[in-house]
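Printed here is work.cif (mmCIF, C-alpha atoms):
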data_coords
loop_
_atom_site.group_PDB
_atom_site.id
_atom_site.type_symbol
_atom_site.label_atom_id
_atom_site.label_comp_id
_atom_site.auth_asym_id
_atom_site.auth_seq_id
_atom_site.Cartn_x
_atom_site.Cartn_y
_atom_site.Cartn_z
ATOM 1 C CA MET A 1 0.501 -194.605 52.643
ATOM 2 C CA ARG A 2 2.722 -196.504 55.021
ATOM 3 C CA VAL A 3 3.868 -194.672 58.182
ATOM 4 C CA VAL A 4 7.142 -195.679 59.840
ATOM 5 C CA ARG A 5 8.190 -194.475 63.299
ATOM 6 C CA LEU A 6 11.445 -195.014 65.141
ATOM 7 C CA GLY A 7 11.156 -197.676 67.794
ATOM 8 C CA ARG A 8 7.664 -198.732 66.695
ATOM 9 C CA ASP A 9 7.922 -199.768 63.035
ATOM 10 C CA GLU A 10 11.547 -200.834 62.710
ATOM 11 C CA PRO A 11 10.914 -203.465 59.990
ATOM 12 C CA GLY A 12 9.620 -200.629 57.814
ATOM 13 C CA PHE A 13 13.101 -199.149 57.543
ATOM 14 C CA ALA A 14 14.493 -202.346 56.019
ATOM 15 C CA ALA A 15 11.541 -202.744 53.658
ATOM 16 C CA GLU A 16 11.781 -199.207 52.312
ATOM 17 C CA ALA A 17 15.583 -199.342 52.186
ATOM 18 C CA ALA A 18 15.267 -202.131 49.633
ATOM 19 C CA ARG A 19 13.449 -199.722 47.317
ATOM 20 C CA LEU A 20 16.349 -197.291 47.398
ATOM 21 C CA ARG A 21 18.945 -199.991 46.775
ATOM 22 C CA THR A 22 17.149 -201.057 43.602
ATOM 23 C CA ALA A 23 16.356 -197.570 42.286
ATOM 24 C CA SER A 24 18.311 -196.417 39.249
ATOM 25 C CA PHE A 25 18.490 -192.668 39.988
ATOM 26 C CA PRO A 26 17.258 -191.558 43.429
ATOM 27 C CA VAL A 27 16.907 -187.821 44.070
ATOM 28 C CA ALA A 28 16.433 -185.937 47.367
ATOM 29 C CA LEU A 29 14.299 -182.802 47.702
ATOM 30 C CA THR A 30 15.064 -180.929 50.925
ATOM 31 C CA GLY A 31 13.568 -177.917 52.645
ATOM 32 C CA ALA A 32 13.813 -175.836 55.799
ATOM 33 C CA GLY A 33 12.940 -178.753 58.075
ATOM 34 C CA ILE A 34 16.250 -180.534 57.480
ATOM 35 C CA SER A 35 18.163 -177.498 58.757
ATOM 36 C CA VAL A 36 15.962 -176.687 61.752
ATOM 37 C CA GLU A 37 17.875 -179.366 63.658
ATOM 38 C CA SER A 38 21.069 -177.426 62.892
ATOM 39 C CA GLY A 39 19.597 -174.429 64.714
ATOM 40 C CA ILE A 40 18.322 -172.550 61.658
ATOM 41 C CA PRO A 41 14.712 -171.500 62.274
ATOM 42 C CA ASP A 42 12.067 -171.872 59.595
ATOM 43 C CA PHE A 43 11.558 -168.329 58.296
ATOM 44 C CA ARG A 44 7.785 -168.862 58.140
ATOM 45 C CA SER A 45 7.453 -170.220 61.673
ATOM 46 C CA PRO A 46 6.445 -168.060 64.683
ATOM 47 C CA GLY A 47 9.416 -165.849 65.518
ATOM 48 C CA GLY A 48 10.979 -166.504 62.105
ATOM 49 C CA LEU A 49 12.416 -163.799 59.879
ATOM 50 C CA TRP A 50 9.140 -163.226 58.032
ATOM 51 C CA THR A 51 7.428 -162.243 61.296
ATOM 52 C CA VAL A 52 10.051 -159.518 61.805
ATOM 53 C CA PHE A 53 10.718 -158.469 58.220
ATOM 54 C CA ARG A 54 7.664 -158.486 55.972
ATOM 55 C CA PRO A 55 8.737 -160.259 52.754
ATOM 56 C CA GLU A 56 6.890 -157.820 50.495
ATOM 57 C CA GLU A 57 8.705 -154.930 52.181
ATOM 58 C CA TYR A 58 12.229 -156.345 52.461
ATOM 59 C CA ALA A 59 12.646 -159.503 50.373
ATOM 60 C CA THR A 60 11.546 -158.570 46.869
ATOM 61 C CA LEU A 61 13.753 -157.548 43.973
ATOM 62 C CA SER A 62 11.814 -154.281 43.773
ATOM 63 C CA ALA A 63 12.529 -153.550 47.439
ATOM 64 C CA PHE A 64 16.251 -154.140 46.935
ATOM 65 C CA ARG A 65 16.417 -151.877 43.880
ATOM 66 C CA ALA A 66 14.409 -149.148 45.620
ATOM 67 C CA ASP A 67 16.333 -149.117 48.908
ATOM 68 C CA PRO A 68 19.343 -151.474 49.165
ATOM 69 C CA ALA A 69 20.245 -150.147 52.623
ATOM 70 C CA LYS A 70 16.838 -151.086 54.000
ATOM 71 C CA ALA A 71 16.984 -154.533 52.346
ATOM 72 C CA TRP A 72 20.370 -155.136 53.956
ATOM 73 C CA ARG A 73 18.725 -155.011 57.399
ATOM 74 C CA LEU A 74 17.054 -158.292 56.446
ATOM 75 C CA TYR A 75 20.210 -159.692 54.830
ATOM 76 C CA ARG A 76 22.264 -159.056 57.968
ATOM 77 C CA ALA A 77 19.628 -160.726 60.143
ATOM 78 C CA LEU A 78 19.618 -163.649 57.714
ATOM 79 C CA GLY A 79 23.401 -163.900 57.777
ATOM 80 C CA ALA A 80 23.425 -163.858 61.575
ATOM 81 C CA ALA A 81 20.867 -166.701 61.655
ATOM 82 C CA LEU A 82 23.105 -168.845 59.425
ATOM 83 C CA LEU A 83 26.447 -167.962 61.030
ATOM 84 C CA GLY A 84 28.289 -170.909 62.544
ATOM 85 C CA ARG A 85 25.622 -173.487 61.772
ATOM 86 C CA ARG A 86 26.820 -177.024 61.144
ATOM 87 C CA PRO A 87 25.289 -179.972 59.293
ATOM 88 C CA ASN A 88 23.281 -182.424 61.348
ATOM 89 C CA PRO A 89 22.973 -186.218 60.956
ATOM 90 C CA ALA A 90 20.300 -185.851 58.273
ATOM 91 C CA HIS A 91 22.677 -183.898 56.019
ATOM 92 C CA ALA A 92 25.406 -186.443 56.725
ATOM 93 C CA ALA A 93 23.103 -189.352 55.873
ATOM 94 C CA LEU A 94 22.378 -187.929 52.427
ATOM 95 C CA ALA A 95 26.085 -187.337 51.826
ATOM 96 C CA ARG A 96 26.815 -190.916 52.793
ATOM 97 C CA LEU A 97 24.188 -192.240 50.384
ATOM 98 C CA GLU A 98 25.751 -190.168 47.612
ATOM 99 C CA ASP A 99 29.221 -191.471 48.480
ATOM 100 C CA ALA A 100 27.857 -195.005 48.103
ATOM 101 C CA GLY A 101 26.442 -194.226 44.657
ATOM 102 C CA LEU A 102 22.860 -194.476 45.928
ATOM 103 C CA LEU A 103 21.796 -190.842 45.556
ATOM 104 C CA GLY A 104 22.066 -189.147 42.201
ATOM 105 C CA GLN A 105 21.101 -185.577 43.103
ATOM 106 C CA VAL A 106 20.095 -183.296 45.948
ATOM 107 C CA VAL A 107 17.671 -180.493 45.099
ATOM 108 C CA THR A 108 17.397 -178.069 47.993
ATOM 109 C CA GLN A 109 15.246 -175.056 48.744
ATOM 110 C CA ASN A 110 17.768 -174.022 51.411
ATOM 111 C CA ILE A 111 20.469 -171.390 51.027
ATOM 112 C CA ASP A 112 22.650 -172.424 53.983
ATOM 113 C CA GLY A 113 25.188 -174.631 52.161
ATOM 114 C CA LEU A 114 24.967 -177.354 54.815
ATOM 115 C CA HIS A 115 24.604 -180.140 52.258
ATOM 116 C CA GLN A 116 27.973 -179.231 50.756
ATOM 117 C CA THR A 117 29.570 -178.838 54.180
ATOM 118 C CA ALA A 118 28.356 -182.348 55.022
ATOM 119 C CA GLY A 119 30.022 -183.685 51.887
ATOM 120 C CA SER A 120 27.303 -183.730 49.240
ATOM 121 C CA ARG A 121 28.669 -182.769 45.828
ATOM 122 C CA ARG A 122 25.651 -183.049 43.523
ATOM 123 C CA VAL A 123 23.551 -180.215 44.932
ATOM 124 C CA ILE A 124 21.190 -177.900 43.067
ATOM 125 C CA GLU A 125 20.360 -174.808 45.152
ATOM 126 C CA MET A 126 17.112 -173.641 43.606
ATOM 127 C CA HIS A 127 16.940 -170.543 45.833
ATOM 128 C CA GLY A 128 20.612 -169.619 45.520
ATOM 129 C CA ASP A 129 23.181 -169.513 48.304
ATOM 130 C CA HIS A 130 24.247 -167.180 51.094
ATOM 131 C CA ARG A 131 27.958 -167.890 50.706
ATOM 132 C CA ARG A 132 28.407 -165.288 47.968
ATOM 133 C CA LEU A 133 27.287 -161.784 47.046
ATOM 134 C CA GLN A 134 25.791 -161.006 43.655
ATOM 135 C CA CYS A 135 25.989 -157.906 41.480
ATOM 136 C CA LEU A 136 22.828 -157.472 39.451
ATOM 137 C CA ALA A 137 24.530 -154.914 37.219
ATOM 138 C CA CYS A 138 27.533 -156.869 35.921
ATOM 139 C CA GLY A 139 26.885 -160.394 37.237
ATOM 140 C CA ARG A 140 30.003 -160.571 39.397
ATOM 141 C CA LEU A 141 29.970 -162.929 42.391
ATOM 142 C CA GLU A 142 31.979 -162.094 45.506
ATOM 143 C CA PRO A 143 32.594 -164.234 48.617
ATOM 144 C CA PHE A 144 30.430 -163.294 51.566
ATOM 145 C CA ASP A 145 32.535 -161.689 54.312
ATOM 146 C CA GLU A 146 31.249 -162.195 57.855
ATOM 147 C CA ALA A 147 32.498 -158.702 58.700
ATOM 148 C CA LEU A 148 29.522 -157.372 56.728
ATOM 149 C CA LEU A 149 27.229 -158.523 59.510
ATOM 150 C CA ALA A 150 28.646 -155.898 61.869
ATOM 151 C CA ALA A 151 29.189 -153.218 59.210
ATOM 152 C CA GLU A 152 26.812 -150.514 58.107
ATOM 153 C CA GLY A 153 25.714 -149.425 54.685
ATOM 154 C CA VAL A 154 25.615 -151.423 51.463
ATOM 155 C CA PRO A 155 28.571 -153.390 50.047
ATOM 156 C CA ARG A 156 29.544 -152.311 46.549
ATOM 157 C CA CYS A 157 30.721 -154.295 43.569
ATOM 158 C CA PRO A 158 34.510 -153.899 43.108
ATOM 159 C CA ALA A 159 34.056 -154.021 39.342
ATOM 160 C CA CYS A 160 31.221 -151.545 38.727
ATOM 161 C CA ASP A 161 30.367 -150.055 42.174
ATOM 162 C CA ALA A 162 26.732 -151.221 42.028
ATOM 163 C CA ALA A 163 25.032 -152.397 45.212
ATOM 164 C CA LEU A 164 25.633 -156.068 46.034
ATOM 165 C CA LYS A 165 23.002 -158.476 47.344
ATOM 166 C CA PRO A 166 23.376 -161.995 48.737
ATOM 167 C CA ASN A 167 23.307 -164.599 45.967
ATOM 168 C CA VAL A 168 19.836 -165.715 47.006
ATOM 169 C CA VAL A 169 16.601 -165.710 45.048
ATOM 170 C CA LEU A 170 14.387 -162.835 46.100
ATOM 171 C CA PHE A 171 10.668 -162.703 45.504
ATOM 172 C CA GLU A 172 10.125 -161.554 41.865
ATOM 173 C CA GLU A 173 13.256 -163.469 40.778
ATOM 174 C CA ALA A 174 13.300 -166.797 38.945
ATOM 175 C CA VAL A 175 14.543 -169.827 40.834
ATOM 176 C CA ARG A 176 17.878 -171.333 39.827
ATOM 177 C CA GLY A 177 18.769 -174.580 38.086
ATOM 178 C CA LEU A 178 15.410 -175.454 36.541
ATOM 179 C CA GLY A 179 17.082 -177.094 33.548
ATOM 180 C CA GLU A 180 19.241 -179.244 35.823
ATOM 181 C CA ILE A 181 16.242 -180.110 37.984
ATOM 182 C CA ASP A 182 14.214 -181.175 34.946
ATOM 183 C CA ALA A 183 17.109 -183.348 33.773
ATOM 184 C CA ALA A 184 17.355 -185.011 37.181
ATOM 185 C CA LEU A 185 13.608 -185.637 37.360
ATOM 186 C CA ALA A 186 13.637 -187.164 33.901
ATOM 187 C CA ARG A 187 15.846 -189.922 35.348
ATOM 188 C CA CYS A 188 14.379 -190.052 38.858
ATOM 189 C CA ASP A 189 12.532 -193.212 39.877
ATOM 190 C CA LEU A 190 12.662 -192.584 43.634
ATOM 191 C CA LEU A 191 12.321 -189.249 45.428
ATOM 192 C CA LEU A 192 13.292 -188.633 49.053
ATOM 193 C CA VAL A 193 11.329 -185.634 50.366
ATOM 194 C CA VAL A 194 13.047 -184.342 53.506
ATOM 195 C CA GLY A 195 11.936 -181.498 55.759
ATOM 196 C CA THR A 196 9.486 -179.851 53.383
ATOM 197 C CA SER A 197 5.766 -179.953 52.690
ATOM 198 C CA ALA A 198 6.574 -179.014 49.068
ATOM 199 C CA GLN A 199 3.683 -176.572 48.881
ATOM 200 C CA VAL A 200 5.528 -173.679 47.197
ATOM 201 C CA HIS A 201 6.248 -173.857 43.492
ATOM 202 C CA PRO A 202 8.340 -174.958 41.746
ATOM 203 C CA ALA A 203 9.252 -177.444 44.510
ATOM 204 C CA ALA A 204 5.573 -178.393 44.754
ATOM 205 C CA SER A 205 5.695 -179.809 41.232
ATOM 206 C CA LEU A 206 8.539 -182.268 41.869
ATOM 207 C CA PRO A 207 6.685 -185.041 43.757
ATOM 208 C CA PRO A 208 3.763 -185.097 41.269
ATOM 209 C CA VAL A 209 6.190 -185.361 38.344
ATOM 210 C CA VAL A 210 7.908 -188.367 39.925
ATOM 211 C CA ARG A 211 4.539 -189.906 40.820
ATOM 212 C CA LYS A 212 3.225 -189.439 37.284
ATOM 213 C CA ARG A 213 6.246 -191.278 35.919
ATOM 214 C CA GLY A 214 5.560 -194.213 38.228
ATOM 215 C CA GLY A 215 8.318 -193.396 40.716
ATOM 216 C CA THR A 216 8.405 -193.997 44.464
ATOM 217 C CA ILE A 217 8.180 -191.168 47.016
ATOM 218 C CA LEU A 218 9.620 -191.580 50.520
ATOM 219 C CA GLU A 219 8.875 -188.680 52.866
ATOM 220 C CA PHE A 220 10.769 -187.683 56.039
ATOM 221 C CA ASN A 221 8.809 -185.123 58.035
ATOM 222 C CA LEU A 222 7.623 -184.299 61.553
ATOM 223 C CA GLU A 223 3.978 -184.608 60.554
ATOM 224 C CA ARG A 224 1.721 -185.623 57.723
ATOM 225 C CA THR A 225 1.656 -183.278 54.735
ATOM 226 C CA GLY A 226 -0.272 -183.203 51.494
ATOM 227 C CA ILE A 227 2.455 -185.111 49.651
ATOM 228 C CA ALA A 228 1.232 -188.332 48.068
ATOM 229 C CA ALA A 229 4.079 -190.423 49.468
ATOM 230 C CA ASP A 230 4.382 -194.190 49.422
ATOM 231 C CA CYS A 231 5.886 -194.076 52.902
ATOM 232 C CA LEU A 232 6.160 -191.375 55.568
ATOM 233 C CA PHE A 233 9.013 -191.657 58.066
ATOM 234 C CA LEU A 234 7.482 -189.733 60.926
ATOM 235 C CA GLY A 235 9.813 -187.808 63.236
ATOM 236 C CA PRO A 236 12.889 -185.549 63.164
ATOM 237 C CA ALA A 237 14.853 -186.088 59.962
ATOM 238 C CA GLY A 238 18.064 -186.037 62.028
ATOM 239 C CA GLU A 239 16.873 -189.324 63.553
ATOM 240 C CA THR A 240 14.799 -191.030 60.857
ATOM 241 C CA LEU A 241 17.072 -190.361 57.885
ATOM 242 C CA PRO A 242 20.264 -191.742 59.510
ATOM 243 C CA ARG A 243 18.261 -194.802 60.597
ATOM 244 C CA PHE A 244 17.064 -195.235 57.012
ATOM 245 C CA ALA A 245 20.617 -194.830 55.669
ATOM 246 C CA ALA A 246 21.772 -197.438 58.177
ATOM 247 C CA ALA A 247 19.191 -199.852 56.818
ATOM 248 C CA VAL A 248 20.436 -199.162 53.292
ATOM 249 C CA LEU A 249 24.156 -199.256 53.988
ATOM 250 C CA GLY A 250 24.639 -200.972 57.328
ATOM 251 C CA GLY A 251 26.262 -199.307 60.344
ATOM 252 C CA ASP A 252 24.767 -196.350 62.168
ATOM 253 C CA GLY A 253 23.863 -194.228 59.129
ATOM 254 C CA ARG A 254 26.358 -191.522 60.061
ATOM 255 C CA ARG A 255 29.579 -190.482 58.376
#
Before anything else, please render the file you have as structure tokens.
Amino acid sequence: MRVVRLGRDEPGFAAEAARLRTASFPVALTGAGISVESGIPDFRSPGGLWTVFRPEEYATLSAFRADPAKAWRLYRALGAALLGRRPNPAHAALARLEDAGLLGQVVTQNIDGLHQTAGSRRVIEMHGDHRRLQCLACGRLEPFDEALLAAEGVPRCPACDAALKPNVVLFEEAVRGLGEIDAALARCDLLLVVGTSAQVHPAASLPPVVRKRGGTILEFNLERTGIAADCLFLGPAGETLPRFAAAVLGGDGRR
């Protein structure tokens, strides 16, 4: 595996950029690491949400059904962590590649909506989104109102009065968009893995599928992971990914 670092392996950016320019359907898989630079902490890191709210106690479908008011303590903390966050240069770089017709799909494990805010349009949110509330009883989706963060109690569905939850995938729920993801992978010949070690399924299965089909994997992470990448761009994605986009497109890699 080739390792490319800013300021030390600059020719590597141009060499790997050529692979993207000649790919027929590049796809990006993103995780928590791409949003850490926007001020959103990794939930699994020290001090993250899972160290305060035990997932098995607060973040399962069973926990929500048993005690929605208790589950909403986690949801409000989650909403506060996402409030006011803005895309960083890594999000913008992916949006720019899409604008240029050089990125066919973004598959994200994140729920923050920062890819769309940055301008990406082809986004599959496999873990749902925090911009809407979901009614499990009738399926209605409602916009998330920031006033809920300071309110008490449980918001109710205006159609059937059932308890609403954020439109995110809880433990015990199936991830979203698997059919769309499979369709994208069937065409993918180059995968950008950004800010994730891809250890949790189903995201963990994406790099091996691309590898098995003979595709290229370019990884952007702070450290080495278990991903069998062709090239690892080592460092903050907010620095390495814009530099890579610049090598692909020219300019500074920003929007």
Can you list, as a ChimeraX atom specification, every protein, DNA or RNA residue that comes within 7 Å of Arg176 (chain A) when you count only C-alpha atoms, leaving out same-chain residues fewer than 6 positions away?
-> /A:125-128
Enter the distance from CA of Leu103 (chain A) to CA of Leu20 (chain A), in Å, rounded to one decimal.
->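 That distance, rounded to one decimal, is 8.6 Å.
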Go through region 45-144 of chain A residue by residue and, counting all atoms listed in the file, keep those with an atom at most 9 Å from region 201-222 of chain A; for each kept residue give the shortest atom pair and its distance in Å to one decimal, ordered by chain and increasing number, as CSV.
residue,atom,partner,partner_atom,distance
A:Val107,CA,A:Ala203,CA,9.0
A:Thr108,CA,A:Ala203,CA,8.9
A:Gln109,CA,A:Ala203,CA,7.7
A:Met126,CA,A:Ala203,CA,8.8
Polymer residues at most 9 Å from Arg224 (chain A), all atoms listed in the file, same-chain spacing of 6 or more positions, as JSON, numbers by chain = {"A": [197, 232, 234]}
Would you kindly return, as a PyMOL selection string, each protein, DNA or RNA residue with an atom no farther than 7 Å from any atom of Lys165 (chain A), considering all atoms listed in the file and excluding same-chain residues fewer than 6 positions away?
-> chain A and resi 133-135
Would you write out, as CSV, a table of all residues in region 133-210 of chain A that have an atom no more than 7 Å from an atom of region 28-36 of chain A, listing for each the closest atom pair and the distance in Å to one decimal, considering all atoms listed in the file and ordering rows by chain and rising residue number?
residue,atom,partner,partner_atom,distance
A:Leu191,CA,A:Ala28,CA,5.6
A:Leu192,CA,A:Ala28,CA,4.5
A:Val193,CA,A:Leu29,CA,4.9
A:Val194,CA,A:Thr30,CA,4.7
A:Gly195,CA,A:Gly33,CA,3.7
A:Thr196,CA,A:Gly31,CA,4.6
Identify, on the basis of all atoms listed in the file, every residue whose closest approach to Asp99 (chain A) does not exceed 10 Å; exclude the query and any residue fewer than 6 positions from it along the same chain; express the result as a compact mmCIF listing (two decimals) with C-alpha atoms, in the frame of the given file.
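Written file, part.txt:
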# COMPACT_ATOMS: atom_id res chain seq x y z
CA ALA A 93 23.10 -189.35 55.87
CA GLY A 119 30.02 -183.68 51.89
CA SER A 120 27.30 -183.73 49.24
CA ARG A 121 28.67 -182.77 45.83
CA ARG A 255 29.58 -190.48 58.38
Pick the closest to Arg156 (chain A) from A:Arg54, A:Arg140, A:Arg86, A:His130: which is it, counting all atoms listed in the file?
->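 Going through A:Arg54, A:Arg140, A:Arg86, A:His130 one by one, the smallest distance to Arg156 (chain A) is for A:Arg140.
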In terms of the shortest atom-to-atom distance over all atoms listed in the file, which of A:Pro158, A:Ala81, A:Phe64, A:Gly235 is closest to Arg8 (chain A)?
-> A:Gly235
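Restricting the calculation to all atoms listed in the file, the smallest distance between His91 (chain A) and any of A:Glu239, A:Glu10, A:Glu146, A:Asp67 is found for A:Glu239.
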